[in-house]
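Remarks on the structure that follows.
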Amino acid sequence: MSTTEQNVISLLVNVWYLETARIRLYEIYAKQAVKDGYQQVAALFLEVAEQKRSHTKTIYRFLEESSSETTISTKTMSFEQTLKNLEHAVSLEDTESEGVYATLEAQAWDAGLKKISTKIKLFRRIKLFYAKRFNALAENIKNNRVFERDEPVKWICRKCGFIYEGEKALKNCPGCEHPQAYFEILAENY
Ligand SMILES: [Fe+2]
């Protein structure tokens, strides 16, 4: 194996550990979002965690024939507030996309590992999209727009599917009695 290829494998291992740890982190963030009354945010963290599971599987396939090993650094993190958790997630996804992922994409390309480079390039785009969505939800929390809008909108209960039109989400769902936390703006893409 050439030195360049070894570099690529080493970076892939780093990214694998990093994203595997991220899956767990986002599961913890999802639990906190439930506690804080943001069901929609919780669902997004879990959705992203599940998609990252797919990314790590792809990366693991690239590593299957490699014997490289590495360790990850851990630092104490606090998980106590969903707004901070969202902002942390934005920063992680943005920084990694432009950092380790960009380096990995370039080095894999230079090493002639075009399949790996192409896949990493796609994952970078996905990570930027994650950052954008996490940021939009953080802005909603900061601007009191999670359960309230200037114009009437359709709110749907994530629990039972009850739909209500108005400027504010109801305090409790008439369909299932679950609290306002379960409401989100109805989005139809069919
Ligand atoms: Fe409901």
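Chain labels follow the order of the structure tokens: the first chain is A, the next B, and so on; residue numbering restarts at 1 in every chain, and ligands are counted from 1 in their shown order.
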
Run DSSP on the backbone of this structure and report the residues of segment 7-170 of chain A it assigns to alpha helix (DSSP H), as an mmCIF file with N, CA and C atoms, in the first residue's frame.
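Result file follows (out37.cif):
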data_model
loop_
_atom_site.group_PDB
_atom_site.id
_atom_site.type_symbol
_atom_site.label_atom_id
_atom_site.label_comp_id
_atom_site.auth_asym_id
_atom_site.auth_seq_id
_atom_site.Cartn_x
_atom_site.Cartn_y
_atom_site.Cartn_z
ATOM 1 N N ASN A 7 -2.578 7.050 4.147
ATOM 2 C CA ASN A 7 -3.163 8.283 4.711
ATOM 3 C C ASN A 7 -4.674 8.263 4.594
ATOM 4 N N VAL A 8 -5.146 7.848 3.424
ATOM 5 C CA VAL A 8 -6.592 7.802 3.177
ATOM 6 C C VAL A 8 -7.261 6.822 4.133
ATOM 7 N N ILE A 9 -6.662 5.651 4.286
ATOM 8 C CA ILE A 9 -7.231 4.645 5.189
ATOM 9 C C ILE A 9 -7.274 5.172 6.619
ATOM 10 N N SER A 10 -6.183 5.821 7.012
ATOM 11 C CA SER A 10 -6.111 6.373 8.360
ATOM 12 C C SER A 10 -7.209 7.432 8.588
ATOM 13 N N LEU A 11 -7.425 8.289 7.582
ATOM 14 C CA LEU A 11 -8.488 9.294 7.685
ATOM 15 C C LEU A 11 -9.866 8.641 7.721
ATOM 16 N N LEU A 12 -10.037 7.605 6.926
ATOM 17 C CA LEU A 12 -11.319 6.881 6.919
ATOM 18 C C LEU A 12 -11.617 6.294 8.292
ATOM 19 N N VAL A 13 -10.581 5.749 8.922
ATOM 20 C CA VAL A 13 -10.756 5.184 10.273
ATOM 21 C C VAL A 13 -11.193 6.286 11.236
ATOM 22 N N ASN A 14 -10.537 7.446 11.128
ATOM 23 C CA ASN A 14 -10.921 8.579 11.982
ATOM 24 C C ASN A 14 -12.381 8.957 11.783
ATOM 25 N N VAL A 15 -12.771 9.040 10.519
ATOM 26 C CA VAL A 15 -14.148 9.438 10.204
ATOM 27 C C VAL A 15 -15.137 8.374 10.702
ATOM 28 N N TRP A 16 -14.740 7.114 10.600
ATOM 29 C CA TRP A 16 -15.622 6.038 11.079
ATOM 30 C C TRP A 16 -15.873 6.177 12.578
ATOM 31 N N TYR A 17 -14.780 6.380 13.342
ATOM 32 C CA TYR A 17 -14.927 6.534 14.798
ATOM 33 C C TYR A 17 -15.733 7.775 15.138
ATOM 34 N N LEU A 18 -15.407 8.844 14.413
ATOM 35 C CA LEU A 18 -16.063 10.124 14.656
ATOM 36 C C LEU A 18 -17.582 10.017 14.437
ATOM 37 N N GLU A 19 -17.987 9.414 13.342
ATOM 38 C CA GLU A 19 -19.416 9.332 13.029
ATOM 39 C C GLU A 19 -20.131 8.288 13.904
ATOM 40 N N THR A 20 -19.403 7.237 14.295
ATOM 41 C CA THR A 20 -19.990 6.248 15.195
ATOM 42 C C THR A 20 -20.301 6.890 16.548
ATOM 43 N N ALA A 21 -19.356 7.692 17.029
ATOM 44 C CA ALA A 21 -19.586 8.408 18.283
ATOM 45 C C ALA A 21 -20.710 9.422 18.123
ATOM 46 N N ARG A 22 -20.793 10.031 16.935
ATOM 47 C CA ARG A 22 -21.813 11.042 16.667
ATOM 48 C C ARG A 22 -23.228 10.445 16.716
ATOM 49 N N ILE A 23 -23.362 9.210 16.249
ATOM 50 C CA ILE A 23 -24.663 8.536 16.299
ATOM 51 C C ILE A 23 -25.160 8.509 17.752
ATOM 52 N N ARG A 24 -24.264 8.085 18.640
ATOM 53 C CA ARG A 24 -24.624 8.008 20.066
ATOM 54 C C ARG A 24 -24.932 9.397 20.630
ATOM 55 N N LEU A 25 -24.105 10.379 20.253
ATOM 56 C CA LEU A 25 -24.299 11.749 20.745
ATOM 57 C C LEU A 25 -25.675 12.267 20.335
ATOM 58 N N TYR A 26 -26.048 12.056 19.091
ATOM 59 C CA TYR A 26 -27.335 12.555 18.605
ATOM 60 C C TYR A 26 -28.505 11.804 19.250
ATOM 61 N N GLU A 27 -28.290 10.562 19.621
ATOM 62 C CA GLU A 27 -29.335 9.846 20.367
ATOM 63 C C GLU A 27 -29.541 10.494 21.743
ATOM 64 N N ILE A 28 -28.433 10.901 22.354
ATOM 65 C CA ILE A 28 -28.521 11.587 23.652
ATOM 66 C C ILE A 28 -29.193 12.952 23.474
ATOM 67 N N TYR A 29 -28.814 13.669 22.409
ATOM 68 C CA TYR A 29 -29.427 14.972 22.124
ATOM 69 C C TYR A 29 -30.938 14.810 21.879
ATOM 70 N N ALA A 30 -31.321 13.724 21.243
ATOM 71 C CA ALA A 30 -32.748 13.477 20.976
ATOM 72 C C ALA A 30 -33.507 13.329 22.291
ATOM 73 N N LYS A 31 -32.926 12.583 23.242
ATOM 74 C CA LYS A 31 -33.576 12.417 24.549
ATOM 75 C C LYS A 31 -33.745 13.751 25.249
ATOM 76 N N GLN A 32 -32.715 14.592 25.150
ATOM 77 C CA GLN A 32 -32.791 15.910 25.786
ATOM 78 C C GLN A 32 -33.878 16.760 25.125
ATOM 79 N N ALA A 33 -33.974 16.664 23.805
ATOM 80 C CA ALA A 33 -34.993 17.436 23.083
ATOM 81 C C ALA A 33 -36.390 17.017 23.531
ATOM 82 N N VAL A 34 -36.581 15.721 23.790
ATOM 83 C CA VAL A 34 -37.872 15.243 24.313
ATOM 84 C C VAL A 34 -38.139 15.891 25.672
ATOM 85 N N LYS A 35 -37.121 15.874 26.530
ATOM 86 C CA LYS A 35 -37.256 16.475 27.868
ATOM 87 C C LYS A 35 -37.583 17.959 27.773
ATOM 88 N N ASP A 36 -36.969 18.643 26.796
ATOM 89 C CA ASP A 36 -37.158 20.087 26.646
ATOM 90 C C ASP A 36 -38.457 20.443 25.925
ATOM 91 N N GLN A 39 -40.335 17.679 20.261
ATOM 92 C CA GLN A 39 -40.443 16.363 19.613
ATOM 93 C C GLN A 39 -39.871 16.377 18.196
ATOM 94 N N GLN A 40 -40.109 17.492 17.464
ATOM 95 C CA GLN A 40 -39.631 17.576 16.081
ATOM 96 C C GLN A 40 -38.104 17.528 16.041
ATOM 97 N N VAL A 41 -37.464 18.245 16.963
ATOM 98 C CA VAL A 41 -36.002 18.250 17.019
ATOM 99 C C VAL A 41 -35.494 16.854 17.370
ATOM 100 N N ALA A 42 -36.164 16.211 18.323
ATOM 101 C CA ALA A 42 -35.786 14.850 18.720
ATOM 102 C C ALA A 42 -35.831 13.918 17.515
ATOM 103 N N ALA A 43 -36.898 14.028 16.738
ATOM 104 C CA ALA A 43 -37.063 13.158 15.569
ATOM 105 C C ALA A 43 -35.966 13.411 14.539
ATOM 106 N N LEU A 44 -35.581 14.694 14.374
ATOM 107 C CA LEU A 44 -34.516 15.001 13.407
ATOM 108 C C LEU A 44 -33.176 14.418 13.856
ATOM 109 N N PHE A 45 -32.864 14.557 15.157
ATOM 110 C CA PHE A 45 -31.607 13.980 15.652
ATOM 111 C C PHE A 45 -31.581 12.466 15.411
ATOM 112 N N LEU A 46 -32.713 11.801 15.652
ATOM 113 C CA LEU A 46 -32.761 10.345 15.458
ATOM 114 C C LEU A 46 -32.679 9.975 13.970
ATOM 115 N N GLU A 47 -33.314 10.792 13.140
ATOM 116 C CA GLU A 47 -33.271 10.540 11.691
ATOM 117 C C GLU A 47 -31.833 10.655 11.169
ATOM 118 N N VAL A 48 -31.143 11.708 11.616
ATOM 119 C CA VAL A 48 -29.755 11.910 11.186
ATOM 120 C C VAL A 48 -28.868 10.780 11.724
ATOM 121 N N ALA A 49 -29.097 10.378 12.981
ATOM 122 C CA ALA A 49 -28.311 9.276 13.562
ATOM 123 C C ALA A 49 -28.465 8.020 12.708
ATOM 124 N N GLU A 50 -29.688 7.759 12.277
ATOM 125 C CA GLU A 50 -29.951 6.562 11.471
ATOM 126 C C GLU A 50 -29.266 6.669 10.097
ATOM 127 N N GLN A 51 -29.274 7.865 9.516
ATOM 128 C CA GLN A 51 -28.597 8.055 8.226
ATOM 129 C C GLN A 51 -27.093 7.911 8.378
ATOM 130 N N LYS A 52 -26.572 8.373 9.535
ATOM 131 C CA LYS A 52 -25.147 8.231 9.776
ATOM 132 C C LYS A 52 -24.766 6.753 9.932
ATOM 133 N N ARG A 53 -25.699 5.962 10.433
ATOM 134 C CA ARG A 53 -25.464 4.524 10.515
ATOM 135 C C ARG A 53 -25.174 3.971 9.107
ATOM 136 N N SER A 54 -25.937 4.459 8.140
ATOM 137 C CA SER A 54 -25.724 4.038 6.752
ATOM 138 C C SER A 54 -24.367 4.522 6.235
ATOM 139 N N HIS A 55 -23.991 5.781 6.577
ATOM 140 C CA HIS A 55 -22.693 6.309 6.135
ATOM 141 C C HIS A 55 -21.549 5.477 6.717
ATOM 142 N N THR A 56 -21.664 5.142 8.011
ATOM 143 C CA THR A 56 -20.569 4.398 8.650
ATOM 144 C C THR A 56 -20.450 2.997 8.055
ATOM 145 N N LYS A 57 -21.565 2.461 7.619
ATOM 146 C CA LYS A 57 -21.522 1.133 6.995
ATOM 147 C C LYS A 57 -20.730 1.191 5.673
ATOM 148 N N THR A 58 -20.999 2.233 4.901
ATOM 149 C CA THR A 58 -20.262 2.428 3.638
ATOM 150 C C THR A 58 -18.768 2.579 3.917
ATOM 151 N N ILE A 59 -18.447 3.424 4.907
ATOM 152 C CA ILE A 59 -17.043 3.661 5.251
ATOM 153 C C ILE A 59 -16.403 2.366 5.753
ATOM 154 N N TYR A 60 -17.158 1.606 6.544
ATOM 155 C CA TYR A 60 -16.622 0.348 7.088
ATOM 156 C C TYR A 60 -16.272 -0.627 5.965
ATOM 157 N N ARG A 61 -17.100 -0.629 4.919
ATOM 158 C CA ARG A 61 -16.821 -1.509 3.776
ATOM 159 C C ARG A 61 -15.462 -1.176 3.162
ATOM 160 N N PHE A 62 -15.174 0.145 3.069
ATOM 161 C CA PHE A 62 -13.871 0.566 2.520
ATOM 162 C C PHE A 62 -12.730 0.086 3.424
ATOM 163 N N LEU A 63 -13.016 -0.063 4.705
ATOM 164 C CA LEU A 63 -11.966 -0.415 5.676
ATOM 165 C C LEU A 63 -11.784 -1.917 5.851
ATOM 166 N N THR A 82 -31.307 21.790 24.645
ATOM 167 C CA THR A 82 -31.471 21.486 23.230
ATOM 168 C C THR A 82 -30.930 22.583 22.316
ATOM 169 N N LEU A 83 -31.116 23.842 22.668
ATOM 170 C CA LEU A 83 -30.590 24.909 21.807
ATOM 171 C C LEU A 83 -29.075 24.791 21.662
ATOM 172 N N LYS A 84 -28.398 24.576 22.802
ATOM 173 C CA LYS A 84 -26.933 24.416 22.754
ATOM 174 C C LYS A 84 -26.556 23.170 21.965
ATOM 175 N N ASN A 85 -27.332 22.096 22.153
ATOM 176 C CA ASN A 85 -27.057 20.842 21.438
ATOM 177 C C ASN A 85 -27.177 21.043 19.927
ATOM 178 N N LEU A 86 -28.208 21.780 19.515
ATOM 179 C CA LEU A 86 -28.391 22.047 18.083
ATOM 180 C C LEU A 86 -27.213 22.868 17.547
ATOM 181 N N GLU A 87 -26.837 23.895 18.295
ATOM 182 C CA GLU A 87 -25.728 24.760 17.849
ATOM 183 C C GLU A 87 -24.418 23.973 17.785
ATOM 184 N N HIS A 88 -24.231 23.053 18.748
ATOM 185 C CA HIS A 88 -23.046 22.193 18.723
ATOM 186 C C HIS A 88 -23.048 21.323 17.475
ATOM 187 N N ALA A 89 -24.223 20.761 17.155
ATOM 188 C CA ALA A 89 -24.340 19.881 15.988
ATOM 189 C C ALA A 89 -24.048 20.639 14.689
ATOM 190 N N VAL A 90 -24.520 21.892 14.601
ATOM 191 C CA VAL A 90 -24.234 22.732 13.417
ATOM 192 C C VAL A 90 -22.729 22.883 13.260
ATOM 193 N N SER A 91 -22.071 23.230 14.363
ATOM 194 C CA SER A 91 -20.626 23.460 14.331
ATOM 195 C C SER A 91 -19.858 22.187 13.965
ATOM 196 N N LEU A 92 -20.263 21.050 14.547
ATOM 197 C CA LEU A 92 -19.585 19.776 14.241
ATOM 198 C C LEU A 92 -19.705 19.424 12.761
ATOM 199 N N GLU A 93 -20.919 19.480 12.234
ATOM 200 C CA GLU A 93 -21.146 19.067 10.847
ATOM 201 C C GLU A 93 -20.440 20.003 9.865
ATOM 202 N N ASP A 94 -20.502 21.299 10.144
ATOM 203 C CA ASP A 94 -19.841 22.286 9.281
ATOM 204 C C ASP A 94 -18.327 22.123 9.302
ATOM 205 N N THR A 95 -17.773 22.062 10.514
ATOM 206 C CA THR A 95 -16.323 21.996 10.680
ATOM 207 C C THR A 95 -15.752 20.733 10.043
ATOM 208 N N GLU A 96 -16.416 19.605 10.274
ATOM 209 C CA GLU A 96 -15.904 18.343 9.725
ATOM 210 C C GLU A 96 -16.028 18.299 8.209
ATOM 211 N N SER A 97 -17.118 18.864 7.709
ATOM 212 C CA SER A 97 -17.316 18.856 6.268
ATOM 213 C C SER A 97 -16.177 19.594 5.564
ATOM 214 N N GLU A 98 -15.796 20.741 6.133
ATOM 215 C CA GLU A 98 -14.723 21.539 5.530
ATOM 216 C C GLU A 98 -13.343 21.084 5.998
ATOM 217 N N VAL A 100 -11.871 17.461 8.061
ATOM 218 C CA VAL A 100 -11.403 16.092 7.813
ATOM 219 C C VAL A 100 -12.030 15.484 6.543
ATOM 220 N N TYR A 101 -13.288 15.800 6.277
ATOM 221 C CA TYR A 101 -13.931 15.237 5.080
ATOM 222 C C TYR A 101 -13.316 15.817 3.802
ATOM 223 N N ALA A 102 -13.028 17.123 3.803
ATOM 224 C CA ALA A 102 -12.431 17.761 2.628
ATOM 225 C C ALA A 102 -11.038 17.194 2.372
ATOM 226 N N THR A 103 -10.263 17.032 3.445
ATOM 227 C CA THR A 103 -8.918 16.461 3.331
ATOM 228 C C THR A 103 -8.990 15.040 2.793
ATOM 229 N N LEU A 104 -9.910 14.265 3.356
ATOM 230 C CA LEU A 104 -10.066 12.869 2.937
ATOM 231 C C LEU A 104 -10.469 12.783 1.460
ATOM 232 N N GLU A 105 -11.395 13.627 1.055
ATOM 233 C CA GLU A 105 -11.842 13.632 -0.339
ATOM 234 C C GLU A 105 -10.657 13.911 -1.281
ATOM 235 N N ALA A 106 -9.861 14.937 -0.949
ATOM 236 C CA ALA A 106 -8.726 15.327 -1.800
ATOM 237 C C ALA A 106 -7.650 14.243 -1.819
ATOM 238 N N GLN A 107 -7.342 13.708 -0.638
ATOM 239 C CA GLN A 107 -6.256 12.707 -0.568
ATOM 240 C C GLN A 107 -6.653 11.412 -1.256
ATOM 241 N N ALA A 108 -7.922 11.024 -1.126
ATOM 242 C CA ALA A 108 -8.380 9.803 -1.790
ATOM 243 C C ALA A 108 -8.306 9.982 -3.308
ATOM 244 N N TRP A 109 -8.668 11.179 -3.759
ATOM 245 C CA TRP A 109 -8.619 11.465 -5.202
ATOM 246 C C TRP A 109 -7.166 11.381 -5.693
ATOM 247 N N ASP A 110 -6.248 12.026 -4.958
ATOM 248 C CA ASP A 110 -4.831 12.022 -5.331
ATOM 249 C C ASP A 110 -4.244 10.615 -5.319
ATOM 250 N N LYS A 114 -10.808 6.800 -6.391
ATOM 251 C CA LYS A 114 -11.884 7.706 -6.819
ATOM 252 C C LYS A 114 -13.250 7.331 -6.255
ATOM 253 N N LYS A 115 -13.479 6.039 -6.052
ATOM 254 C CA LYS A 115 -14.767 5.616 -5.500
ATOM 255 C C LYS A 115 -14.936 6.164 -4.075
ATOM 256 N N ILE A 116 -13.856 6.035 -3.294
ATOM 257 C CA ILE A 116 -13.897 6.554 -1.919
ATOM 258 C C ILE A 116 -14.073 8.067 -1.943
ATOM 259 N N SER A 117 -13.301 8.741 -2.797
ATOM 260 C CA SER A 117 -13.360 10.197 -2.878
ATOM 261 C C SER A 117 -14.770 10.687 -3.229
ATOM 262 N N THR A 118 -15.383 10.018 -4.199
ATOM 263 C CA THR A 118 -16.731 10.411 -4.635
ATOM 264 C C THR A 118 -17.753 10.242 -3.516
ATOM 265 N N LYS A 119 -17.647 9.112 -2.809
ATOM 266 C CA LYS A 119 -18.590 8.847 -1.712
ATOM 267 C C LYS A 119 -18.427 9.897 -0.610
ATOM 268 N N ILE A 120 -17.197 10.202 -0.262
ATOM 269 C CA ILE A 120 -16.939 11.193 0.793
ATOM 270 C C ILE A 120 -17.459 12.560 0.382
ATOM 271 N N LYS A 121 -17.315 12.880 -0.907
ATOM 272 C CA LYS A 121 -17.835 14.154 -1.418
ATOM 273 C C LYS A 121 -19.363 14.242 -1.211
ATOM 274 N N LEU A 122 -20.049 13.140 -1.482
ATOM 275 C CA LEU A 122 -21.508 13.096 -1.269
ATOM 276 C C LEU A 122 -21.840 13.263 0.209
ATOM 277 N N PHE A 123 -21.089 12.550 1.066
ATOM 278 C CA PHE A 123 -21.343 12.646 2.509
ATOM 279 C C PHE A 123 -21.103 14.070 3.015
ATOM 280 N N ARG A 124 -20.099 14.759 2.419
ATOM 281 C CA ARG A 124 -19.838 16.157 2.805
ATOM 282 C C ARG A 124 -21.064 17.015 2.534
ATOM 283 N N ARG A 125 -21.663 16.825 1.374
ATOM 284 C CA ARG A 125 -22.860 17.605 1.016
ATOM 285 C C ARG A 125 -23.992 17.318 1.998
ATOM 286 N N ILE A 126 -24.142 16.039 2.360
ATOM 287 C CA ILE A 126 -25.196 15.653 3.306
ATOM 288 C C ILE A 126 -24.950 16.324 4.659
ATOM 289 N N LYS A 127 -23.671 16.341 5.080
ATOM 290 C CA LYS A 127 -23.347 16.955 6.372
ATOM 291 C C LYS A 127 -23.671 18.453 6.384
ATOM 292 N N LEU A 128 -23.424 19.124 5.260
ATOM 293 C CA LEU A 128 -23.751 20.548 5.174
ATOM 294 C C LEU A 128 -25.261 20.759 5.276
ATOM 295 N N PHE A 129 -26.010 19.838 4.691
ATOM 296 C CA PHE A 129 -27.472 19.907 4.789
ATOM 297 C C PHE A 129 -27.930 19.694 6.234
ATOM 298 N N TYR A 130 -27.270 18.750 6.941
ATOM 299 C CA TYR A 130 -27.590 18.539 8.361
ATOM 300 C C TYR A 130 -27.382 19.842 9.123
ATOM 301 N N ALA A 131 -26.229 20.485 8.870
ATOM 302 C CA ALA A 131 -25.893 21.730 9.572
ATOM 303 C C ALA A 131 -26.977 22.774 9.318
ATOM 304 N N LYS A 132 -27.432 22.860 8.066
ATOM 305 C CA LYS A 132 -28.454 23.842 7.688
ATOM 306 C C LYS A 132 -29.771 23.581 8.433
ATOM 307 N N ARG A 133 -30.167 22.305 8.502
ATOM 308 C CA ARG A 133 -31.435 21.984 9.179
ATOM 309 C C ARG A 133 -31.350 22.194 10.690
ATOM 310 N N PHE A 134 -30.226 21.746 11.288
ATOM 311 C CA PHE A 134 -30.047 21.949 12.732
ATOM 312 C C PHE A 134 -30.071 23.442 13.042
ATOM 313 N N ASN A 135 -29.448 24.236 12.157
ATOM 314 C CA ASN A 135 -29.389 25.673 12.363
ATOM 315 C C ASN A 135 -30.795 26.295 12.268
ATOM 316 N N ALA A 136 -31.586 25.832 11.304
ATOM 317 C CA ALA A 136 -32.945 26.367 11.142
ATOM 318 C C ALA A 136 -33.775 26.096 12.405
ATOM 319 N N LEU A 137 -33.617 24.897 12.982
ATOM 320 C CA LEU A 137 -34.370 24.561 14.190
ATOM 321 C C LEU A 137 -33.874 25.379 15.389
ATOM 322 N N ALA A 138 -32.557 25.612 15.445
ATOM 323 C CA ALA A 138 -32.004 26.442 16.523
ATOM 324 C C ALA A 138 -32.562 27.861 16.420
ATOM 325 N N GLU A 139 -32.619 28.388 15.204
ATOM 326 C CA GLU A 139 -33.165 29.735 14.988
ATOM 327 C C GLU A 139 -34.635 29.796 15.411
ATOM 328 N N ASN A 140 -35.387 28.735 15.109
ATOM 329 C CA ASN A 140 -36.794 28.678 15.526
ATOM 330 C C ASN A 140 -36.918 28.790 17.042
ATOM 331 N N ILE A 141 -36.063 28.063 17.750
ATOM 332 C CA ILE A 141 -36.119 28.100 19.222
ATOM 333 C C ILE A 141 -35.775 29.510 19.712
ATOM 334 N N LYS A 142 -34.699 30.085 19.149
ATOM 335 C CA LYS A 142 -34.251 31.419 19.581
ATOM 336 C C LYS A 142 -35.318 32.481 19.319
#

- Task: Among the residues of chain A, find those DSSP assigns to strand (DSSP E) from the backbone and print them as a PyMOL selection string.
- Result: chain A and resi 148-157+163-168+183-185

Tell me, as a tab-separated table (two decimals) with C-alpha atoms, in the first residue's frame, which residues lie within 6 Å of segment 147-157 of chain A, counting only C-alpha atoms; anything in the same chain fewer than 4 positions away does not count.
chain	number	residue	atom	x	y	z
A	161	GLY	CA	-51.89	12.99	13.28
A	162	PHE	CA	-54.47	15.58	14.36
A	163	ILE	CA	-54.26	18.68	12.11
A	164	TYR	CA	-55.16	22.20	13.24
A	165	GLU	CA	-54.87	25.55	11.45
A	166	GLY	CA	-53.86	28.66	13.38
A	167	GLU	CA	-50.99	30.97	14.32
A	168	LYS	CA	-50.15	28.92	17.42
A	169	ALA	CA	-49.94	25.21	18.09
A	182	TYR	CA	-45.74	17.11	19.71
A	183	PHE	CA	-46.96	19.70	17.20
A	184	GLU	CA	-45.01	20.70	14.11
A	185	ILE	CA	-45.90	22.56	10.91
A	186	LEU	CA	-47.46	20.20	8.39

- Task: Please identify every polymer residue within 7 Å of ligand 1, using only C-alpha atoms and all ligand atoms, and present the set as a PyMOL selection string.
- Result: chain A and resi 157-162+173-178

Could you dump the residues just selected with C-alpha atoms as a tab-separated table (two decimals), in the first residue's frame?
chain	number	residue	atom	x	y	z
A	157	CYS	CA	-49.53	16.30	15.98
A	158	ARG	CA	-46.59	13.88	15.61
A	159	LYS	CA	-48.31	11.49	18.00
A	160	CYS	CA	-51.80	11.02	16.55
A	161	GLY	CA	-51.89	12.99	13.28
A	162	PHE	CA	-54.47	15.58	14.36
A	173	CYS	CA	-53.72	17.92	21.29
A	174	PRO	CA	-57.50	17.28	21.23
A	175	GLY	CA	-56.84	13.98	19.48
A	176	CYS	CA	-54.45	12.34	21.94
A	177	GLU	CA	-54.06	14.84	24.83
A	178	HIS	CA	-50.30	15.01	24.27

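Between atom CA of Tyr190 of chain A and atom CA of Asn172 of chain A lies a distance of 27.9 Å.
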
- For atom CA of Glu80 of chain A and atom CA of Gly99 of chain A, the interatomic separation in Å (one decimal): 27.1 Å
